[in-house]
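Read through the structure below, which is laid out as structure tokens, and then see the notes.
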Amino acid sequence: MITNFQRSDEYRAKIHDLIPGGAHTYSKGDDQFPLLSPAAISHGKGAHVWDVDGNKFLDCSMGLTSVTLGHAYEPVLQRVREELEKGVNFQRPSYIEKEMAERFLAVVPGHDMIKFAKNGSTVTTAAVKLARAYTGRKLVAFPGDHPFYSYDDWFIGKTACDLGVPEEISALSVTYKGDDLASLTALFEKYPGQIACVISEPEKNFGLPDGYLRKAIDLAHKNGALYIADEMITGYKSAFPGSMTKFGVLPDMATWGKSIANGFSFCALTGIKEVMELGGIRATGKEKVFLTSTTHGGETHNIGAAIATLDVYQQQDVIGHTHKLGDTLIAKCKEAIAKHHLSDHIQVADCNWMPVFLFRDRQKELSPGLRTLVLQEMIKNGVLFQGVFIPTFSHTAEDIAFFTAAFDESLKVYIQALDSGYDKYLKGEPTKPVFRKFI
Ligand SMILES: Cc1ncc(COP(=O)(O)O)c(C=O)c1O
């Protein structure tokens, strides 16, 4: 039973004086975790992390889904070390930029060109810019009920947390209901000839209506807009390289990040030549699009990490391994839920690449308090859990058994909390939404 968070408490007490939000991703912040939780991690190896108090946890989020082979994964580290020894940034491109471009484009069917960056937001924003330049239109469409596409104004301006974004900018983004063709159709009817692109994750954890993706892409094209598949989360998880191959579709552009370099900072925009070439410098006399241009976009050790990660995915059945673990975890957790008669209150998505859990109260409403209580109990039982599980190549069948045993223990407290209130069992406050108007 893990209960000592003394150093974490000291960290929590100081960090907000130094770093606004106390972290560099809002979803890593203190308001996203129960009070009885690690505030900072000292190191990770494989599927485990250790906090500043020396507590060991089975990791479920794996670096916000970016670490799909495992923490400090040796074959990736080896390649990174090699690149570090040779220097990481030069006046002209490193030769491995070409190797990475060729290797990655070879696995993304139908896409001809690629541009690298360090963050996902950089490439989603670059895709939006290219679409606007290509179509000569201003509006960008995305599902308003999906969680995140960029920290840039075109996305943040449409969230509850829009302070600092001029309304003129927010007005250039329009939203529809995710994975709902009727809603997307209505949007195109409302803004005829004005939408430059649709950007969307190709699939979420609760599945897609039959043939949805192909129909959505056709609909965008019929209306003169481009379609951008944001594979930031699905990439290297739902399939290899991502959902566009799983569903056999060809979006005009796709954006990649997170797992493509096993947690190292390497992201990419891929697309068809006709669109991507707008960011080029070959078409003399043609107006130039200032596509991404960053000092660190070609940093060699991160590209090395991406190449080594690609090697592992191409040589071993990472996807088969992770999906099998995901299937087992879902089946075992459903068994535990049924055993405790909680099927009306806890839902596990049938999504073997990223099982997600929903927690409901007696009225069957989603309950942040009960959810936080489960996080607290899982952490006590040695599982650093935030409501989703990312199976990685380092997780084992034993890890899944460890998770499900902790889950079973947590459900015993859940039952009591359903009847007598979560606040009797939860120390501190429930977690809060990242995108909220007020702190
Ligand atoms: C679907 C999606 N797109 C884009 C991003 C932005 O990526 P980054 O945090 O690397 O800027 C995220 C990050 O969570 C994401 O989930």
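How things are named: the first chain in the structure tokens is A, the next is B, and so on; residues count from 1 in each chain; ligands count from 1 in the order shown.
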
Selection within 6 Å of ligand 1 by only C-alpha atoms and all ligand atoms, output as a ChimeraX atom specification: /A:119-121,148-150,201,230,232-233

Filtered DSSP result for stretch 126-348 of chain A, state alpha helix (DSSP H), as a ChimeraX atom specification: /A:126-135,153-156,167-170,181-190,212-222,243-246,273-276,300-315,318-339

Keeping only C-alpha atoms, write the selected residues to a file as a compact mmCIF listing (two decimals), in the first residue's frame.
```
# COMPACT_ATOMS: atom_id res chain seq x y z
CA ALA A 126 1.08 23.81 -40.19
CA ALA A 127 -1.54 21.54 -41.78
CA VAL A 128 -4.26 24.13 -41.18
CA LYS A 129 -2.10 26.84 -42.72
CA LEU A 130 -1.36 24.76 -45.81
CA ALA A 131 -5.06 23.99 -46.23
CA ARG A 132 -5.91 27.69 -46.05
CA ALA A 133 -3.18 28.52 -48.56
CA TYR A 134 -4.25 25.70 -50.92
CA THR A 135 -7.97 26.47 -50.86
CA ASP A 153 -5.29 30.08 -31.10
CA TRP A 154 -7.30 28.38 -33.89
CA PHE A 155 -8.04 25.56 -31.43
CA ILE A 156 -7.84 27.17 -27.97
CA GLU A 167 -12.66 36.68 -31.07
CA GLU A 168 -11.80 37.50 -34.69
CA ILE A 169 -9.46 34.48 -34.58
CA SER A 170 -11.96 32.18 -32.78
CA LEU A 181 -21.70 12.79 -40.72
CA ALA A 182 -25.00 14.67 -40.40
CA SER A 183 -23.35 17.27 -38.19
CA LEU A 184 -20.42 17.69 -40.62
CA THR A 185 -22.85 17.94 -43.54
CA ALA A 186 -24.80 20.66 -41.71
CA LEU A 187 -21.57 22.58 -41.14
CA PHE A 188 -20.69 22.57 -44.83
CA GLU A 189 -24.25 23.74 -45.61
CA LYS A 190 -23.94 26.57 -43.08
CA TYR A 212 -17.48 6.97 -41.49
CA LEU A 213 -13.96 8.05 -42.29
CA ARG A 214 -14.21 7.46 -46.03
CA LYS A 215 -17.55 9.29 -46.15
CA ALA A 216 -16.21 12.23 -44.13
CA ILE A 217 -13.21 12.60 -46.46
CA ASP A 218 -15.47 12.39 -49.53
CA LEU A 219 -17.80 14.98 -48.03
CA ALA A 220 -14.92 17.39 -47.39
CA HIS A 221 -13.64 16.93 -50.96
CA LYS A 222 -17.12 17.35 -52.43
CA SER A 243 -5.82 4.52 -38.47
CA MET A 244 -5.54 5.76 -42.06
CA THR A 245 -4.04 2.39 -42.97
CA LYS A 246 -6.47 0.49 -40.75
CA LYS A 273 2.60 16.38 -53.06
CA GLU A 274 0.13 18.85 -54.55
CA VAL A 275 -0.52 20.35 -51.13
CA MET A 276 2.83 19.88 -49.38
CA THR A 300 19.50 14.56 -34.92
CA HIS A 301 19.07 12.53 -31.73
CA ASN A 302 15.29 12.85 -31.88
CA ILE A 303 15.30 11.76 -35.51
CA GLY A 304 17.55 8.88 -34.44
CA ALA A 305 14.95 7.95 -31.82
CA ALA A 306 12.26 8.01 -34.51
CA ILE A 307 14.32 5.78 -36.83
CA ALA A 308 15.06 3.30 -34.02
CA THR A 309 11.36 3.26 -33.06
CA LEU A 310 10.41 2.60 -36.68
CA ASP A 311 12.94 -0.27 -36.77
CA VAL A 312 11.28 -1.93 -33.78
CA TYR A 313 7.78 -1.57 -35.25
CA GLN A 314 8.94 -2.99 -38.57
CA GLN A 315 10.89 -5.89 -37.09
CA VAL A 318 4.38 -4.37 -31.41
CA ILE A 319 0.78 -3.79 -32.47
CA GLY A 320 -0.12 -7.49 -31.98
CA HIS A 321 1.42 -7.44 -28.51
CA THR A 322 -0.27 -4.24 -27.34
CA HIS A 323 -3.68 -5.14 -28.75
CA LYS A 324 -3.56 -8.54 -27.07
CA LEU A 325 -2.77 -6.94 -23.72
CA GLY A 326 -5.53 -4.41 -24.29
CA ASP A 327 -8.05 -7.18 -25.01
CA THR A 328 -7.06 -9.04 -21.82
CA LEU A 329 -7.25 -5.90 -19.71
CA ILE A 330 -10.71 -5.04 -21.03
CA ALA A 331 -12.01 -8.59 -20.46
CA LYS A 332 -10.58 -8.80 -16.91
CA CYS A 333 -11.83 -5.36 -15.91
CA LYS A 334 -15.30 -6.12 -17.26
CA GLU A 335 -15.28 -9.33 -15.18
CA ALA A 336 -14.38 -7.35 -12.06
CA ILE A 337 -17.06 -4.74 -12.79
CA ALA A 338 -19.70 -7.46 -13.24
CA LYS A 339 -18.53 -9.28 -10.10
```

Polymer residues at most 12 Å from A:Tyr422, only C-alpha atoms, same-chain spacing of 5 or more positions, as a list in words: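 Contacts, in chain order: Phe359, Arg360, Asp361, Arg362, Ser367, Pro368, Gly369, Leu370, Arg371, Thr372, Leu373, Val374, Gln376, Glu377, Val413, Tyr414, Ile415, Gln416, Ala417, Lys427, Gly428, Glu429 and Pro430 of chain A.
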
Distance criterion (only C-alpha atoms): nearest to A:Pro109 out of A:Asp408, A:Asp180, A:Asp423, A:Asp252: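 The answer is A:Asp252, which sits nearest to A:Pro109.
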
Near-A:Gly70 list (7 Å; only C-alpha atoms; drop same-chain fewer than 5 positions) as a list in words: Lys45, Gly46, Ala47, Thr392, Phe393 and Ser394 of chain A

Close residues, A:Ala349 itself excluded, 7 Å, only C-alpha atoms, min 6 positions apart in chain, as a PyMOL selection string: chain A and resi 205-206+355-357

Writer output for current selection, N, CA and C atoms, as a PDB file, in the first residue's frame:
```pdb
ATOM      1  N   ASN A 205     -11.862   6.377 -28.830  1.00  0.00           N
ATOM      2  CA  ASN A 205     -11.901   5.073 -28.147  1.00  0.00           C
ATOM      3  C   ASN A 205     -13.215   4.313 -28.280  1.00  0.00           C
ATOM      4  N   PHE A 206     -14.303   5.024 -28.575  1.00  0.00           N
ATOM      5  CA  PHE A 206     -15.583   4.316 -28.611  1.00  0.00           C
ATOM      6  C   PHE A 206     -16.015   3.921 -30.025  1.00  0.00           C
ATOM      7  N   PRO A 355      -7.726   1.339 -23.939  1.00  0.00           N
ATOM      8  CA  PRO A 355      -8.962   1.222 -23.166  1.00  0.00           C
ATOM      9  C   PRO A 355      -9.156   2.449 -22.268  1.00  0.00           C
ATOM     10  N   VAL A 356     -10.358   3.009 -22.324  1.00  0.00           N
ATOM     11  CA  VAL A 356     -10.666   4.184 -21.508  1.00  0.00           C
ATOM     12  C   VAL A 356     -11.830   3.825 -20.585  1.00  0.00           C
ATOM     13  N   PHE A 357     -11.829   4.379 -19.395  1.00  0.00           N
ATOM     14  CA  PHE A 357     -12.832   4.035 -18.376  1.00  0.00           C
ATOM     15  C   PHE A 357     -13.696   5.258 -18.073  1.00  0.00           C
TER      16      PHE A 357
END
```

Point-to-point distance in Å for atom CA of A:Tyr425 and atom CA of A:Ser61: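 Separating atom CA of A:Ser61 from atom CA of A:Tyr425 is a distance of 24.1 Å.
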
Which residue of A:Ala39, A:Cys267, A:Ala196, A:Ile400 approaches A:Gly54 most closely, using only C-alpha atoms: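 Going through A:Ala39, A:Cys267, A:Ala196, A:Ile400 one by one, the smallest distance to A:Gly54 is for A:Ala39.
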
Considering only C-alpha atoms, give me a table of residues in stretch 176-264 of chain A that are at most 12 Å from stretch 79-101 of chain A, with the closest atom pair and distance in Å for each, as a Markdown table.
```
| residue | atom | partner | partner_atom | distance |
| --- | --- | --- | --- | --- |
| A:Ile260 | CA | A:Met100 | CA | 11.3 |
| A:Ala261 | CA | A:Val80 | CA | 10.5 |
| A:Asn262 | CA | A:Val80 | CA | 11.3 |
| A:Phe264 | CA | A:Val80 | CA | 9.5 |
```

Print the selection's residues with N, CA, C and O atoms to a file, as a short mmCIF file (atom, residue, chain, number, x, y, z; two decimals), in the first residue's frame.
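Contents of out-v1.cif, as written:
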```cif
data_model
loop_
_atom_site.label_atom_id
_atom_site.label_comp_id
_atom_site.auth_asym_id
_atom_site.auth_seq_id
_atom_site.Cartn_x
_atom_site.Cartn_y
_atom_site.Cartn_z
N ILE A 260 5.69 8.20 -32.23
CA ILE A 260 6.57 7.89 -33.39
C ILE A 260 8.06 7.96 -33.05
O ILE A 260 8.90 7.57 -33.84
N ALA A 261 8.39 8.48 -31.86
CA ALA A 261 9.81 8.48 -31.45
C ALA A 261 9.94 8.01 -30.00
O ALA A 261 10.89 8.37 -29.31
N ASN A 262 9.01 7.20 -29.57
CA ASN A 262 9.01 6.62 -28.22
C ASN A 262 9.25 7.68 -27.14
O ASN A 262 10.05 7.49 -26.24
N PHE A 264 10.48 10.74 -27.44
CA PHE A 264 11.39 11.84 -27.82
C PHE A 264 10.59 12.85 -28.63
O PHE A 264 9.56 12.53 -29.24
#
```

Exercise: A:Ile41 partners within 10 Å, only C-alpha atoms, chain neighbours under 2 positions left out, as a list of chain:residue names: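 So, after excluding close chain neighbours, the residues are A:Ser8, A:Pro38, A:Ala39, A:His43, A:Gly44, A:Val49, A:Trp50, A:Asp51, A:Val52, A:Asp53, A:Gly54, A:Asn55, A:Lys56.
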
Kindly save the residues from that selection, with N, CA, C and O atoms included, as a compact mmCIF listing (two decimals), in the first residue's frame.
```txt
# COMPACT_ATOMS: atom_id res chain seq x y z
N SER A 8 6.79 14.43 -2.48
CA SER A 8 5.82 14.96 -3.46
C SER A 8 5.11 16.17 -2.89
O SER A 8 4.90 17.16 -3.59
N PRO A 38 1.76 10.87 -6.63
CA PRO A 38 3.09 11.43 -6.84
C PRO A 38 2.98 12.78 -7.53
O PRO A 38 2.19 12.93 -8.46
N ALA A 39 3.78 13.76 -7.08
CA ALA A 39 3.77 15.08 -7.72
C ALA A 39 4.80 15.14 -8.83
O ALA A 39 4.68 15.92 -9.77
N HIS A 43 12.26 8.72 -12.27
CA HIS A 43 12.74 8.00 -13.46
C HIS A 43 11.75 6.90 -13.85
O HIS A 43 10.83 6.56 -13.09
N GLY A 44 11.98 6.38 -15.06
CA GLY A 44 11.13 5.30 -15.53
C GLY A 44 11.96 4.23 -16.21
O GLY A 44 13.06 4.50 -16.70
N VAL A 49 7.36 3.50 -13.42
CA VAL A 49 8.00 4.78 -13.06
C VAL A 49 8.18 4.81 -11.54
O VAL A 49 7.46 4.13 -10.80
N TRP A 50 9.14 5.63 -11.11
CA TRP A 50 9.41 5.82 -9.69
C TRP A 50 9.23 7.29 -9.37
O TRP A 50 9.69 8.15 -10.14
N ASP A 51 8.57 7.59 -8.25
CA ASP A 51 8.37 9.00 -7.91
C ASP A 51 9.49 9.49 -7.00
O ASP A 51 10.40 8.74 -6.64
N VAL A 52 9.39 10.77 -6.63
CA VAL A 52 10.48 11.39 -5.85
C VAL A 52 10.57 10.82 -4.43
O VAL A 52 11.56 11.05 -3.74
N ASP A 53 9.54 10.09 -3.97
CA ASP A 53 9.63 9.42 -2.67
C ASP A 53 10.14 7.99 -2.80
O ASP A 53 10.20 7.25 -1.82
N GLY A 54 10.45 7.58 -4.03
CA GLY A 54 10.95 6.21 -4.24
C GLY A 54 9.84 5.19 -4.43
O GLY A 54 10.11 3.99 -4.53
N ASN A 55 8.60 5.63 -4.51
CA ASN A 55 7.49 4.70 -4.76
C ASN A 55 7.53 4.23 -6.22
O ASN A 55 7.74 5.03 -7.13
N LYS A 56 7.27 2.94 -6.41
CA LYS A 56 7.27 2.37 -7.77
C LYS A 56 5.82 2.18 -8.25
O LYS A 56 4.98 1.67 -7.49
```

Residues of stretch 47-240 of chain A in strand (DSSP E or B), written as an MDAnalysis selection string: chainID A and resid 48:51 56:59 71 113:117 139:143 173:176 195:200 226:230 235 239

Export of prior selection with N, CA and C atoms as a JSON list (two decimals), in the first residue's frame:
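And here is the file that came out, out.json:
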```
[["chain", "number", "residue", "atom", "x", "y", "z"],
["A", 48, "HIS", "N", 7.32, 0.88, -15.93],
["A", 48, "HIS", "CA", 7.22, 1.38, -14.55],
["A", 48, "HIS", "C", 7.87, 2.76, -14.40],
["A", 49, "VAL", "N", 7.36, 3.50, -13.42],
["A", 49, "VAL", "CA", 8.00, 4.78, -13.06],
["A", 49, "VAL", "C", 8.18, 4.81, -11.54],
["A", 50, "TRP", "N", 9.14, 5.63, -11.11],
["A", 50, "TRP", "CA", 9.41, 5.82, -9.69],
["A", 50, "TRP", "C", 9.23, 7.29, -9.37],
["A", 51, "ASP", "N", 8.57, 7.59, -8.25],
["A", 51, "ASP", "CA", 8.37, 9.00, -7.91],
["A", 51, "ASP", "C", 9.49, 9.49, -7.00],
["A", 56, "LYS", "N", 7.27, 2.94, -6.41],
["A", 56, "LYS", "CA", 7.27, 2.37, -7.77],
["A", 56, "LYS", "C", 5.82, 2.18, -8.25],
["A", 57, "PHE", "N", 5.55, 2.58, -9.47],
["A", 57, "PHE", "CA", 4.20, 2.43, -10.04],
["A", 57, "PHE", "C", 4.22, 1.74, -11.40],
["A", 58, "LEU", "N", 3.18, 0.97, -11.63],
["A", 58, "LEU", "CA", 2.91, 0.52, -13.00],
["A", 58, "LEU", "C", 2.36, 1.74, -13.73],
["A", 59, "ASP", "N", 2.96, 2.09, -14.87],
["A", 59, "ASP", "CA", 2.55, 3.29, -15.59],
["A", 59, "ASP", "C", 1.45, 2.93, -16.60],
["A", 71, "HIS", "N", 9.66, 2.98, -21.25],
["A", 71, "HIS", "CA", 10.58, 4.02, -20.78],
["A", 71, "HIS", "C", 12.02, 3.54, -20.92],
["A", 113, "MET", "N", 5.21, 13.64, -49.22],
["A", 113, "MET", "CA", 6.20, 14.54, -48.62],
["A", 113, "MET", "C", 5.96, 14.66, -47.12],
["A", 114, "ILE", "N", 6.99, 15.09, -46.41],
["A", 114, "ILE", "CA", 6.94, 15.12, -44.94],
["A", 114, "ILE", "C", 7.69, 16.34, -44.44],
["A", 115, "LYS", "N", 7.22, 16.89, -43.33],
["A", 115, "LYS", "CA", 7.92, 18.01, -42.69],
["A", 115, "LYS", "C", 8.00, 17.68, -41.20],
["A", 116, "PHE", "N", 9.18, 17.86, -40.59],
["A", 116, "PHE", "CA", 9.37, 17.50, -39.18],
["A", 116, "PHE", "C", 9.16, 18.70, -38.26],
["A", 117, "ALA", "N", 8.83, 18.41, -37.03],
["A", 117, "ALA", "CA", 8.77, 19.44, -35.99],
["A", 117, "ALA", "C", 8.96, 18.78, -34.62],
["A", 139, "LEU", "N", -11.92, 29.31, -43.08],
["A", 139, "LEU", "CA", -12.44, 28.56, -41.91],
["A", 139, "LEU", "C", -11.80, 27.18, -41.75],
["A", 140, "VAL", "N", -11.60, 26.81, -40.49],
["A", 140, "VAL", "CA", -11.10, 25.47, -40.20],
["A", 140, "VAL", "C", -12.15, 24.76, -39.34],
["A", 141, "ALA", "N", -12.46, 23.51, -39.71],
["A", 141, "ALA", "CA", -13.50, 22.75, -38.99],
["A", 141, "ALA", "C", -12.86, 21.61, -38.21],
["A", 142, "PHE", "N", -13.32, 21.43, -36.97],
["A", 142, "PHE", "CA", -12.89, 20.26, -36.19],
["A", 142, "PHE", "C", -13.99, 19.85, -35.23],
["A", 143, "PRO", "N", -13.96, 18.61, -34.73],
["A", 143, "PRO", "CA", -15.01, 18.16, -33.81],
["A", 143, "PRO", "C", -14.90, 18.90, -32.48],
["A", 173, "SER", "N", -12.72, 29.46, -36.65],
["A", 173, "SER", "CA", -12.83, 28.02, -36.43],
["A", 173, "SER", "C", -14.29, 27.66, -36.20],
["A", 174, "VAL", "N", -14.71, 26.56, -36.81],
["A", 174, "VAL", "CA", -16.10, 26.12, -36.67],
["A", 174, "VAL", "C", -16.09, 24.64, -36.27],
["A", 175, "THR", "N", -17.09, 24.26, -35.48],
["A", 175, "THR", "CA", -17.04, 22.90, -34.94],
["A", 175, "THR", "C", -18.28, 22.09, -35.31],
["A", 176, "TYR", "N", -18.12, 20.79, -35.28],
["A", 176, "TYR", "CA", -19.23, 19.86, -35.51],
["A", 176, "TYR", "C", -19.09, 18.73, -34.50],
["A", 195, "ILE", "N", -15.05, 26.68, -45.93],
["A", 195, "ILE", "CA", -14.24, 25.82, -45.05],
["A", 195, "ILE", "C", -13.02, 25.31, -45.80],
["A", 196, "ALA", "N", -11.84, 25.64, -45.26],
["A", 196, "ALA", "CA", -10.58, 25.22, -45.91],
["A", 196, "ALA", "C", -10.30, 23.75, -45.64],
["A", 197, "CYS", "N", -10.57, 23.32, -44.42],
["A", 197, "CYS", "CA", -10.22, 21.93, -44.08],
["A", 197, "CYS", "C", -11.02, 21.43, -42.90],
["A", 198, "VAL", "N", -11.08, 20.11, -42.84],
["A", 198, "VAL", "CA", -11.57, 19.42, -41.65],
["A", 198, "VAL", "C", -10.34, 18.76, -41.04],
["A", 199, "ILE", "N", -10.11, 19.00, -39.75],
["A", 199, "ILE", "CA", -9.04, 18.27, -39.07],
["A", 199, "ILE", "C", -9.67, 17.48, -37.93],
["A", 200, "SER", "N", -9.35, 16.19, -37.91],
["A", 200, "SER", "CA", -9.96, 15.33, -36.89],
["A", 200, "SER", "C", -9.07, 14.13, -36.60],
["A", 226, "LEU", "N", -10.02, 20.36, -47.70],
["A", 226, "LEU", "CA", -9.06, 19.28, -47.50],
["A", 226, "LEU", "C", -9.40, 18.54, -46.21],
["A", 227, "TYR", "N", -8.93, 17.28, -46.12],
["A", 227, "TYR", "CA", -9.16, 16.50, -44.90],
["A", 227, "TYR", "C", -7.80, 16.16, -44.27],
["A", 228, "ILE", "N", -7.68, 16.51, -43.00],
["A", 228, "ILE", "CA", -6.43, 16.24, -42.26],
["A", 228, "ILE", "C", -6.74, 15.22, -41.16],
["A", 229, "ALA", "N", -6.05, 14.07, -41.22],
["A", 229, "ALA", "CA", -6.21, 13.08, -40.15],
["A", 229, "ALA", "C", -5.14, 13.33, -39.10],
["A", 230, "ASP", "N", -5.54, 13.64, -37.89],
["A", 230, "ASP", "CA", -4.57, 13.87, -36.82],
["A", 230, "ASP", "C", -4.30, 12.54, -36.11],
["A", 235, "GLY", "N", -1.67, 7.07, -34.05],
["A", 235, "GLY", "CA", -0.46, 6.63, -34.74],
["A", 235, "GLY", "C", 0.36, 5.65, -33.91],
["A", 239, "ALA", "N", -3.05, 1.01, -35.21],
["A", 239, "ALA", "CA", -2.49, 0.16, -36.27],
["A", 239, "ALA", "C", -1.12, 0.75, -36.60]]
```

Pairwise distance for atom CA of A:Phe389 and atom CA of A:Met354, rounded to one decimal in Å: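 Computed distance, atom CA of A:Phe389 to atom CA of A:Met354, equals 5.7 Å.
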
A:Gly164, A:Pro202, A:Gly298, A:Pro251 ranked by distance to A:Ala225, top pick (using only C-alpha atoms): A:Pro251

Distance criterion (only C-alpha atoms): nearest to A:Gly211 out of A:Leu269, A:Leu64, A:Ala106, A:Val249: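 Closest to A:Gly211, using only C-alpha atoms: A:Val249.
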
Distance in Å - atom CA of A:Pro391 versus atom CA of A:His340: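 These two atoms are separated by 24.7 Å.
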